Structures are given as C-alpha cells and as structure tokens.
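Novice: Before I ask anything, let me first share the structure, which is written out below as structure tokens.
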Amino acid sequence: MLCKGDIKEMLSPVTLGSMRFPHRESALETVAACLKAGVSYVDCSPAYCHTSETENSEAWVGEALAGCRDAMLIAAKCSPGNGGLEIGEEYRPHKGFGVRSAAQLRQVMEQSRQRLGVDRFDCYHLWTVHNMAQVKEAYKPGGWMEEARRARAAGMFDHLGITTHADSATIIEFLKTGDFEMITLPYHLLDSTREEAVRWAGEHGIAVLAMNPLAGGLLSGEAESVEAVFGDMGIKSPVELALGFVLSAPGMTSALCGMTSAAQVAENTAAAAQPRWGGAERGEVLRRFKGMGADAGVGVCTGCGYCNPCPQGLDIPRILRSHNACYVLRLGERAVKGYREAAAWGEAYNASRCAACGVCEARCPNSLPVSEMMSRLSRLNTDGQAEPVVSP
Ligand code: SF4
Ligand code: SF4
C-alpha cells in the first residue's frame with residue numbers, strides 16, 4: 001500500500017481516468033502501460049463502462065492490478081445525485097447514483113471494493129456534485145458525508161475528494177468546508193473558466209486533477225496548424241499544447257486522462273514530461289492561440305459564459321468550443337465529428353437552433369459574432385468540412 005501523506009506529492013503529472021475503455025483488453029493494456037510509465041493513480045466509478053457486474057471498468061482495473069495493488073493509488077466514488085444537476089431521487093447502486101444514506105454508501109463502497117478486488121481504496125470522492133443543493137444533501141445528518149468520515153476513520157480509504165462541473169465561485173465554497181484534500185474539475189485549453197478555483201485550491205494545499213485535459217480527445221493526434229504556430233516553442237502536437245497548458249496552470253497537480261491504449265499512455269506521459277511552462281511562456285501560448293483566431297478570420301471563444309442564457313436554450317460556450325477546434329486550431333475531421341456527435345446528442349449543443357437574435361452578442365466581452373459562428377457550424381450538421389474562413 002502506498003503510504004498516507006500529502007496526496008499532492010503522490011500524484012503523477014498524468015493520471016488515469018477509467019471511463020473510456022471500449023473493452024476489457026483495452027483496460028488491461030492501458031493499466032499495464034501506466035504501471036511501466038509511472039502513472040500513480042487511477043480514478044474509478046461504478047458507472048464507467050458498466051454493462052454487468054463482471055463487465056465494467058472497476059472489474060477490469062481490478063484484474064489489471066491483481067498482484068500489484070500497491071503500484072497505483074486507487075480512487076473510487078459515488079454520488080448523491082444522478083450525474084446531472086438534480087438530487088438523485090432514484091437509488092441506482094450498480095452505477096453509484098442516488099447514494100443518499102449511510103447504508104447506501106456502505107453498500108456502494110462494498111460493491112466497488114469487491115469489483116476491484118481490494119481491501120480498501122486510497123481515495124474516495126463525493127462524485128458529480130454541481131451545486132450547493134447536492135452538497136447539502138451529502139451533508140445531511142445520517143447521509144453521505146457522515147458515513148464517508150466513519151469509513152475513513154475505520155481505514156477504508158485515506159484521502160477524501162470531490163468531483164464537480166460547478167463554476168469557480170461554487171467550487172471554492174465546496175472547498176471552504178475544509179473536508180476535501182483533492183478536487184477533480186473540467187479544465188483544458190478550450191475551457192479554462194475554472195482557473196480561479198484551480199489557483200485557490202493550489203494555494204490551500206488541495207490537489208487538483210484536470211478532468212478532460214484533452215477536451216474530450218479533440219486535442220489529440222496531429223495538426224499541422226499547431227506545429228506551424230507553436231513549433232519554435234518546442235510544441236509540436238495538440239497533446240503537447242494541451243498538457244503543457246493544463247500542467248502549467250497555477251495550482252494544477254495532474255492531468256486526468258481517459259486513456260485507452262499503451263500508445264496514448266506513451267504519448268501523454270512523454271508530453272507531460274516536458275518542462276512546465278513559466279508564466280511568460282504560458283502567456284505567449286495564449287497570445288498565439290488568440291492570434292490563430294484572428295489569422296483565421298474568426299474570434300476565439302474563451303468559454304467565459306457571459307453570453308448565457310440563450311433564449312433558444314443553447315449552451316453557447318460548449319458549442320463554440322467546437323468552433324475553436326474546427327476553425328481556430330483547425331483540427332480537421334475529428335473536430336467536425338466531435339461537433340456532430342454533440343449536436344446529435346442534445347438540442348442545447350446543436351448550432352442550427354440559433355435564431356440569430358443577437359442577445360448573446362451584446363453580452364460577449366470579446367465582441368464575437370456568435371450568430372455567424374453558429375451559422376458556420378450548423379453547415380457542418382449534415383455534410384461538409386471545416387474549410388478555412390480565410391486562405392491560410
Ligand atoms: S444569437 Fe443564437 S446563440 Fe445567441 S442568444 Fe440568440 S439564439 Fe442564442
Ligand atoms: S461567446 Fe463570448 S461571452 Fe460567450 S463564452 Fe464565448 S467569449 Fe464568453
């Protein structure tokens with residue numbers, strides 16, 4: 001067993017998220033590669049890759065770590081919610097949702113312990129809580145937090161964490177409880193809006209793991225545009241750009257990557273082994289990133305969210321993340337595919353629903369022509385590629 005102590009010191013720059021394995025073999029290959037590469041932490045959940053009691057990522061990670069349990073920190077988690085913004089009215093133990101009583105938390109912890117085949121975890125997270133109402137639910141007498149404290153005192157795990165998509169101000173409120181040694185939050189080049197929370201956590205000795213550091217896989221593979229703009233800074237690929245940006249954020253501890261192969265482990269750990277950027281280097285990268293937008297004849301959406309709410313119910317920053325990927329970074333086919341998948345998944349992510357009312361444009365501090373950007377993206381709904389707006 002890795003020892004107790006400061007969790008920040010025990011986390012490697014790249015850590016493993018276990019939500020994306022397409023099958024058992026992928027999990028076994030990826031965990032084996034992580035062990036060789038010195039990746040020190042794996043983040044598990046009852047819901048990830050779950051199709052049955054034996055086919056799920058907890059069981060696969062447990063199999064991969066059989067005989068070498070001590071080589072990685074194991075984090076498990078469950079939620080009083082349902083993955084969204086609501087309290088989880090329905091208790092779904094097999095996926096770890098709606099866990100609202102001490103007895104339910106005991107049951108779900110035991111389920112994870114058995115699936116993983118371990119005596120105990122190293123970390124346990126209050127999972128997917130996005131607002132104060134969900135956190136209050138966890139803190140009610142006889143609820144999630146009371147039992148988590150008891151389990152930790154009994155030796156079931158050492159470090160208590162929280163995972164969230166809340167905004168910076170809400171996250172800081174969560175952390176002010178003083179209960180959490182670690183936080184997992186979304187953070188990447190296309191959405192760095194939680195920078196204040198990352199900094200606050202770092203200043204208060206709390207470990208920060210960046211969820212989605214490669215923007216859901218958008219910032220991967222090769223892109224000539226990235227090498228052309230950042231090559232003289234030693235940044236040759238989207239992964240180097242993405243992980244350099246995440247790991248140089250003041251307060252950041254680790255990039256939690258949902259890797260699925262040995263090749264991805266090799267690429268990500270090599271990129272993370274580069275020296276961390278200083279403030280000047282980071283500023284220069286951001287300046288050039290914004291310059292890419294100007295050179296491309298489009299602006300860069302910084303994801304600040306001041307434009308919300310949209311009368312059509314569109315998640316404007318999320319949609320324009322695809323615009324950044326398609327037209328600023330020019331990541332090609334995979335960026336177009338990422339947009340199309342999101343648009344098909346939910347109406348809030350479909351740019352063709354924009355009514356060009358202009359409400360958001362009046363609120364945008366970057367004066368972005370949002371309706372024009374939506375129109376450009378909506379042309380990708382059915383066919384076509386993200387052609388440059390101006391000739392390169
Ligand atoms: S212009 Fe489009 S995206 Fe902006 S607020 Fe109006 S409908 Fe929403
Ligand atoms: S469109 Fe403008 S206001 Fe909205 S998230 Fe992007 S930069 Fe911020």
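Residue numbering restarts at 1 in every chain; chains get A, B, ... in the order shown in the structure tokens, and ligands count up from 1 in that same order.
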With only C-alpha atoms and all ligand atoms counted, collect every polymer residue having an atom within 8 Å of ligand 1; state the result as an NGL selection string.
Specialist: :A and (307-316 or 351 or 353-361 or 370-371 or 374)
Novice: Write as a list in words the residues around ligand 2, taking 6 Å as the cut-off and counting only C-alpha atoms and all ligand atoms.
Specialist: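 Sorted by chain and then by number, the residues are Cys301, Thr302, Gly303, Cys304, Gly305, Tyr306, Cys307, Pro317, Cys364, Pro365, Asn366 and Leu368 of chain A.
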Novice: With C-alpha atoms retained, export the selected residues as a short mmCIF file (atom, residue, chain, number, x, y, z; two decimals), in the first residue's frame.
Specialist:
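Once everything was written out, this is selection.cif:
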```cif
data_model
loop_
_atom_site.label_atom_id
_atom_site.label_comp_id
_atom_site.auth_asym_id
_atom_site.auth_seq_id
_atom_site.Cartn_x
_atom_site.Cartn_y
_atom_site.Cartn_z
CA CYS A 301 -14.39 31.98 -27.63
CA THR A 302 -12.83 31.93 -24.17
CA GLY A 303 -15.72 29.98 -22.65
CA CYS A 304 -16.43 32.69 -20.07
CA GLY A 305 -20.19 32.15 -20.27
CA TYR A 306 -21.22 35.83 -20.01
CA CYS A 307 -23.41 35.29 -23.07
CA PRO A 317 -19.67 28.21 -24.74
CA CYS A 364 -19.92 38.98 -25.17
CA PRO A 365 -16.82 40.81 -23.85
CA ASN A 366 -14.89 39.60 -26.90
CA LEU A 368 -17.80 37.72 -31.06
#
```
Novice: Output as a tab-separated table one row per residue of segment 244-358 of chain A within 12 Å of segment 183-195 of chain A: the closest atom pair and its distance in Å to one decimal place, counting only C-alpha atoms, sorted by chain and residue number ascending.
Specialist:
```
residue	atom	partner	partner_atom	distance
A:Gly244	CA	A:Leu189	CA	9.5
A:Phe245	CA	A:Leu189	CA	6.4
A:Val246	CA	A:His188	CA	5.9
A:Leu247	CA	A:His188	CA	9.7
A:Ser248	CA	A:His188	CA	11.1
A:Ala249	CA	A:Glu195	CA	7.5
A:Pro250	CA	A:Glu195	CA	8.1
A:Gly251	CA	A:Glu195	CA	8.7
A:Met252	CA	A:Glu195	CA	9.2
A:Thr253	CA	A:Ile183	CA	9.9
A:Ser254	CA	A:Thr184	CA	9.5
A:Ala255	CA	A:Tyr187	CA	8.9
A:Leu256	CA	A:Thr184	CA	8.4
A:Cys257	CA	A:Pro186	CA	11.3
A:Arg282	CA	A:Leu189	CA	11.1
A:Val285	CA	A:Leu189	CA	10.2
A:Leu286	CA	A:Leu189	CA	8.9
A:Phe289	CA	A:Leu189	CA	9.4
A:Lys290	CA	A:Leu190	CA	11.2
A:Val300	CA	A:Leu190	CA	9.2
A:Cys301	CA	A:Leu190	CA	8.1
A:Thr302	CA	A:Asp191	CA	6.7
A:Gly303	CA	A:Asp191	CA	5.5
A:Cys304	CA	A:Thr193	CA	5.9
A:Gly305	CA	A:Thr193	CA	8.5
A:Tyr306	CA	A:Thr193	CA	11.1
A:Pro317	CA	A:Asp191	CA	8.4
A:Arg318	CA	A:Asp191	CA	8.5
A:Ile319	CA	A:Leu190	CA	10.9
A:Leu320	CA	A:Leu190	CA	9.1
A:Arg321	CA	A:Leu190	CA	5.9
A:Ser322	CA	A:Leu190	CA	8.8
A:His323	CA	A:Leu190	CA	10.0
A:Asn324	CA	A:Leu190	CA	7.3
A:Ala325	CA	A:Leu190	CA	8.1
A:Cys326	CA	A:Leu190	CA	11.7
A:Val328	CA	A:Leu190	CA	10.7
A:Leu329	CA	A:Leu190	CA	10.1
```
Novice: Keeping only N, CA and C atoms, take the residues you just selected and write them out as a compact mmCIF listing (two decimals), in the first residue's frame.
Specialist:
```
# COMPACT_ATOMS: atom_id res chain seq x y z
N GLY A 244 0.70 20.85 -21.84
CA GLY A 244 1.53 21.97 -21.39
C GLY A 244 0.67 23.05 -20.76
N PHE A 245 -0.45 23.35 -21.40
CA PHE A 245 -1.36 24.38 -20.89
C PHE A 245 -1.95 23.97 -19.54
N VAL A 246 -2.44 22.74 -19.44
CA VAL A 246 -3.09 22.28 -18.19
C VAL A 246 -2.07 22.26 -17.05
N LEU A 247 -0.92 21.64 -17.29
CA LEU A 247 0.01 21.42 -16.19
C LEU A 247 0.75 22.69 -15.77
N SER A 248 0.70 23.73 -16.60
CA SER A 248 1.35 24.99 -16.19
C SER A 248 0.36 25.93 -15.51
N ALA A 249 -0.90 25.51 -15.37
CA ALA A 249 -1.87 26.37 -14.67
C ALA A 249 -1.50 26.46 -13.19
N PRO A 250 -1.38 27.67 -12.65
CA PRO A 250 -1.01 27.78 -11.23
C PRO A 250 -2.01 27.04 -10.35
N GLY A 251 -1.50 26.10 -9.56
CA GLY A 251 -2.36 25.31 -8.66
C GLY A 251 -2.66 23.91 -9.17
N MET A 252 -2.40 23.65 -10.47
CA MET A 252 -2.75 22.35 -11.04
C MET A 252 -1.78 21.27 -10.58
N THR A 253 -2.32 20.08 -10.30
CA THR A 253 -1.47 18.97 -9.86
C THR A 253 -1.29 17.93 -10.95
N SER A 254 -2.38 17.54 -11.61
CA SER A 254 -2.28 16.41 -12.53
C SER A 254 -3.35 16.50 -13.62
N ALA A 255 -3.01 15.94 -14.78
CA ALA A 255 -3.98 15.84 -15.89
C ALA A 255 -4.56 14.44 -15.87
N LEU A 256 -5.86 14.35 -15.61
CA LEU A 256 -6.54 13.05 -15.52
C LEU A 256 -7.01 12.68 -16.93
N CYS A 257 -6.29 11.77 -17.54
CA CYS A 257 -6.52 11.46 -18.96
C CYS A 257 -7.27 10.14 -19.09
N ARG A 282 3.47 30.66 -20.87
CA ARG A 282 2.02 30.40 -20.90
C ARG A 282 1.28 31.58 -21.56
N VAL A 285 1.77 31.45 -25.27
CA VAL A 285 0.93 30.43 -25.91
C VAL A 285 -0.49 30.97 -26.08
N LEU A 286 -1.02 31.60 -25.05
CA LEU A 286 -2.38 32.13 -25.13
C LEU A 286 -2.47 33.25 -26.17
N PHE A 289 -2.50 31.59 -29.47
CA PHE A 289 -3.78 30.88 -29.68
C PHE A 289 -4.84 31.88 -30.14
N LYS A 290 -4.90 33.01 -29.45
CA LYS A 290 -5.87 34.04 -29.87
C LYS A 290 -5.53 34.59 -31.25
N VAL A 300 -11.76 33.92 -31.01
CA VAL A 300 -11.64 32.78 -30.11
C VAL A 300 -12.63 32.95 -28.96
N CYS A 301 -13.49 31.96 -28.78
CA CYS A 301 -14.39 31.98 -27.63
C CYS A 301 -13.61 31.50 -26.42
N THR A 302 -13.59 32.30 -25.35
CA THR A 302 -12.83 31.93 -24.17
C THR A 302 -13.64 31.11 -23.17
N GLY A 303 -14.89 30.83 -23.51
CA GLY A 303 -15.72 29.98 -22.65
C GLY A 303 -16.18 30.65 -21.37
N CYS A 304 -16.13 31.99 -21.32
CA CYS A 304 -16.43 32.69 -20.07
C CYS A 304 -17.89 32.56 -19.65
N GLY A 305 -18.78 32.37 -20.60
CA GLY A 305 -20.19 32.15 -20.27
C GLY A 305 -21.02 33.40 -20.03
N TYR A 306 -20.45 34.60 -20.24
CA TYR A 306 -21.22 35.83 -20.01
C TYR A 306 -22.40 35.95 -20.98
N PRO A 317 -21.11 28.49 -24.87
CA PRO A 317 -19.67 28.21 -24.74
C PRO A 317 -19.31 26.79 -25.18
N ARG A 318 -20.18 25.84 -24.89
CA ARG A 318 -19.88 24.44 -25.27
C ARG A 318 -19.87 24.30 -26.80
N ILE A 319 -20.83 24.94 -27.45
CA ILE A 319 -20.88 24.84 -28.92
C ILE A 319 -19.67 25.54 -29.53
N LEU A 320 -19.32 26.70 -28.98
CA LEU A 320 -18.22 27.45 -29.60
C LEU A 320 -16.85 26.83 -29.31
N ARG A 321 -16.82 25.91 -28.36
CA ARG A 321 -15.60 25.11 -28.17
C ARG A 321 -15.31 24.35 -29.48
N SER A 322 -16.37 23.85 -30.09
CA SER A 322 -16.19 23.17 -31.38
C SER A 322 -15.76 24.15 -32.46
N HIS A 323 -16.27 25.39 -32.38
CA HIS A 323 -15.84 26.39 -33.35
C HIS A 323 -14.34 26.64 -33.20
N ASN A 324 -13.85 26.74 -31.97
CA ASN A 324 -12.40 26.90 -31.74
C ASN A 324 -11.64 25.73 -32.36
N ALA A 325 -12.15 24.52 -32.13
CA ALA A 325 -11.43 23.33 -32.62
C ALA A 325 -11.44 23.26 -34.14
N CYS A 326 -12.59 23.60 -34.74
CA CYS A 326 -12.72 23.47 -36.20
C CYS A 326 -12.03 24.60 -36.95
N VAL A 328 -10.22 27.54 -35.44
CA VAL A 328 -9.04 28.23 -34.91
C VAL A 328 -7.86 27.26 -34.91
N LEU A 329 -8.02 26.15 -34.19
CA LEU A 329 -6.93 25.16 -34.16
C LEU A 329 -6.91 24.33 -35.44
```
Novice: In Å to one decimal, how far is atom CA of Ala262 of chain A from atom CA of Val118 of chain A?
Specialist: 24.1 Å
Novice: Might you pull out every residue within 9 Å of segment 75-82 of chain A, with only C-alpha atoms counted and same-chain residues fewer than 6 positions away left off, and present them as a PyMOL selection string?
Specialist: chain A and resi 41-47+58+88-93+95-101+105+108-109+112-113+121-130+134-135+137-138+144+157+159+161-162
Novice: Those same residues - C-alpha atoms - I'd like them written as an mmCIF file, in the first residue's frame.
Specialist:
```
data_model
loop_
_atom_site.group_PDB
_atom_site.id
_atom_site.type_symbol
_atom_site.label_atom_id
_atom_site.label_comp_id
_atom_site.auth_asym_id
_atom_site.auth_seq_id
_atom_site.Cartn_x
_atom_site.Cartn_y
_atom_site.Cartn_z
ATOM 1 C CA TYR A 41 -3.325 6.974 -9.803
ATOM 2 C CA VAL A 42 -6.437 5.509 -11.372
ATOM 3 C CA ASP A 43 -9.861 7.090 -10.992
ATOM 4 C CA CYS A 44 -12.772 4.610 -10.956
ATOM 5 C CA SER A 45 -16.539 4.798 -10.773
ATOM 6 C CA PRO A 46 -19.259 2.146 -10.601
ATOM 7 C CA ALA A 47 -20.868 3.592 -13.753
ATOM 8 C CA GLU A 58 -13.877 -1.324 -11.848
ATOM 9 C CA GLY A 88 -30.687 11.544 -7.251
ATOM 10 C CA GLU A 89 -34.245 10.627 -6.322
ATOM 11 C CA GLU A 90 -33.687 7.109 -7.613
ATOM 12 C CA TYR A 91 -31.058 4.950 -5.875
ATOM 13 C CA ARG A 92 -29.044 3.129 -8.560
ATOM 14 C CA PRO A 93 -26.297 1.313 -6.674
ATOM 15 C CA LYS A 95 -23.882 2.813 -11.187
ATOM 16 C CA GLY A 96 -23.233 4.670 -7.927
ATOM 17 C CA PHE A 97 -26.034 7.258 -8.302
ATOM 18 C CA GLY A 98 -28.650 8.438 -5.789
ATOM 19 C CA VAL A 99 -26.477 7.485 -2.795
ATOM 20 C CA ARG A 100 -28.122 9.498 -0.029
ATOM 21 C CA SER A 101 -27.983 7.458 3.184
ATOM 22 C CA LEU A 105 -22.907 4.484 0.843
ATOM 23 C CA VAL A 108 -21.886 1.022 -2.895
ATOM 24 C CA MET A 109 -18.426 1.148 -1.284
ATOM 25 C CA SER A 112 -16.667 -1.166 -5.582
ATOM 26 C CA ARG A 113 -14.330 -2.930 -3.154
ATOM 27 C CA PHE A 121 -9.207 2.344 -1.547
ATOM 28 C CA ASP A 122 -6.639 5.117 -1.332
ATOM 29 C CA CYS A 123 -9.035 7.931 -2.237
ATOM 30 C CA TYR A 124 -12.808 8.255 -2.199
ATOM 31 C CA HIS A 125 -14.736 11.040 -3.957
ATOM 32 C CA LEU A 126 -18.044 12.779 -3.472
ATOM 33 C CA TRP A 127 -18.795 12.376 -7.152
ATOM 34 C CA THR A 128 -20.525 14.592 -9.690
ATOM 35 C CA VAL A 129 -21.959 17.273 -7.403
ATOM 36 C CA HIS A 130 -22.529 20.511 -9.293
ATOM 37 C CA GLN A 134 -26.373 18.456 -3.948
ATOM 38 C CA VAL A 135 -23.554 19.107 -1.493
ATOM 39 C CA GLU A 137 -27.792 16.606 0.507
ATOM 40 C CA ALA A 138 -24.472 14.853 1.090
ATOM 41 C CA TRP A 144 -23.162 10.533 2.584
ATOM 42 C CA PHE A 157 -9.559 4.981 2.468
ATOM 43 C CA HIS A 159 -7.992 10.824 1.131
ATOM 44 C CA GLY A 161 -12.051 14.231 -2.706
ATOM 45 C CA ILE A 162 -14.847 15.884 -4.642
#
```
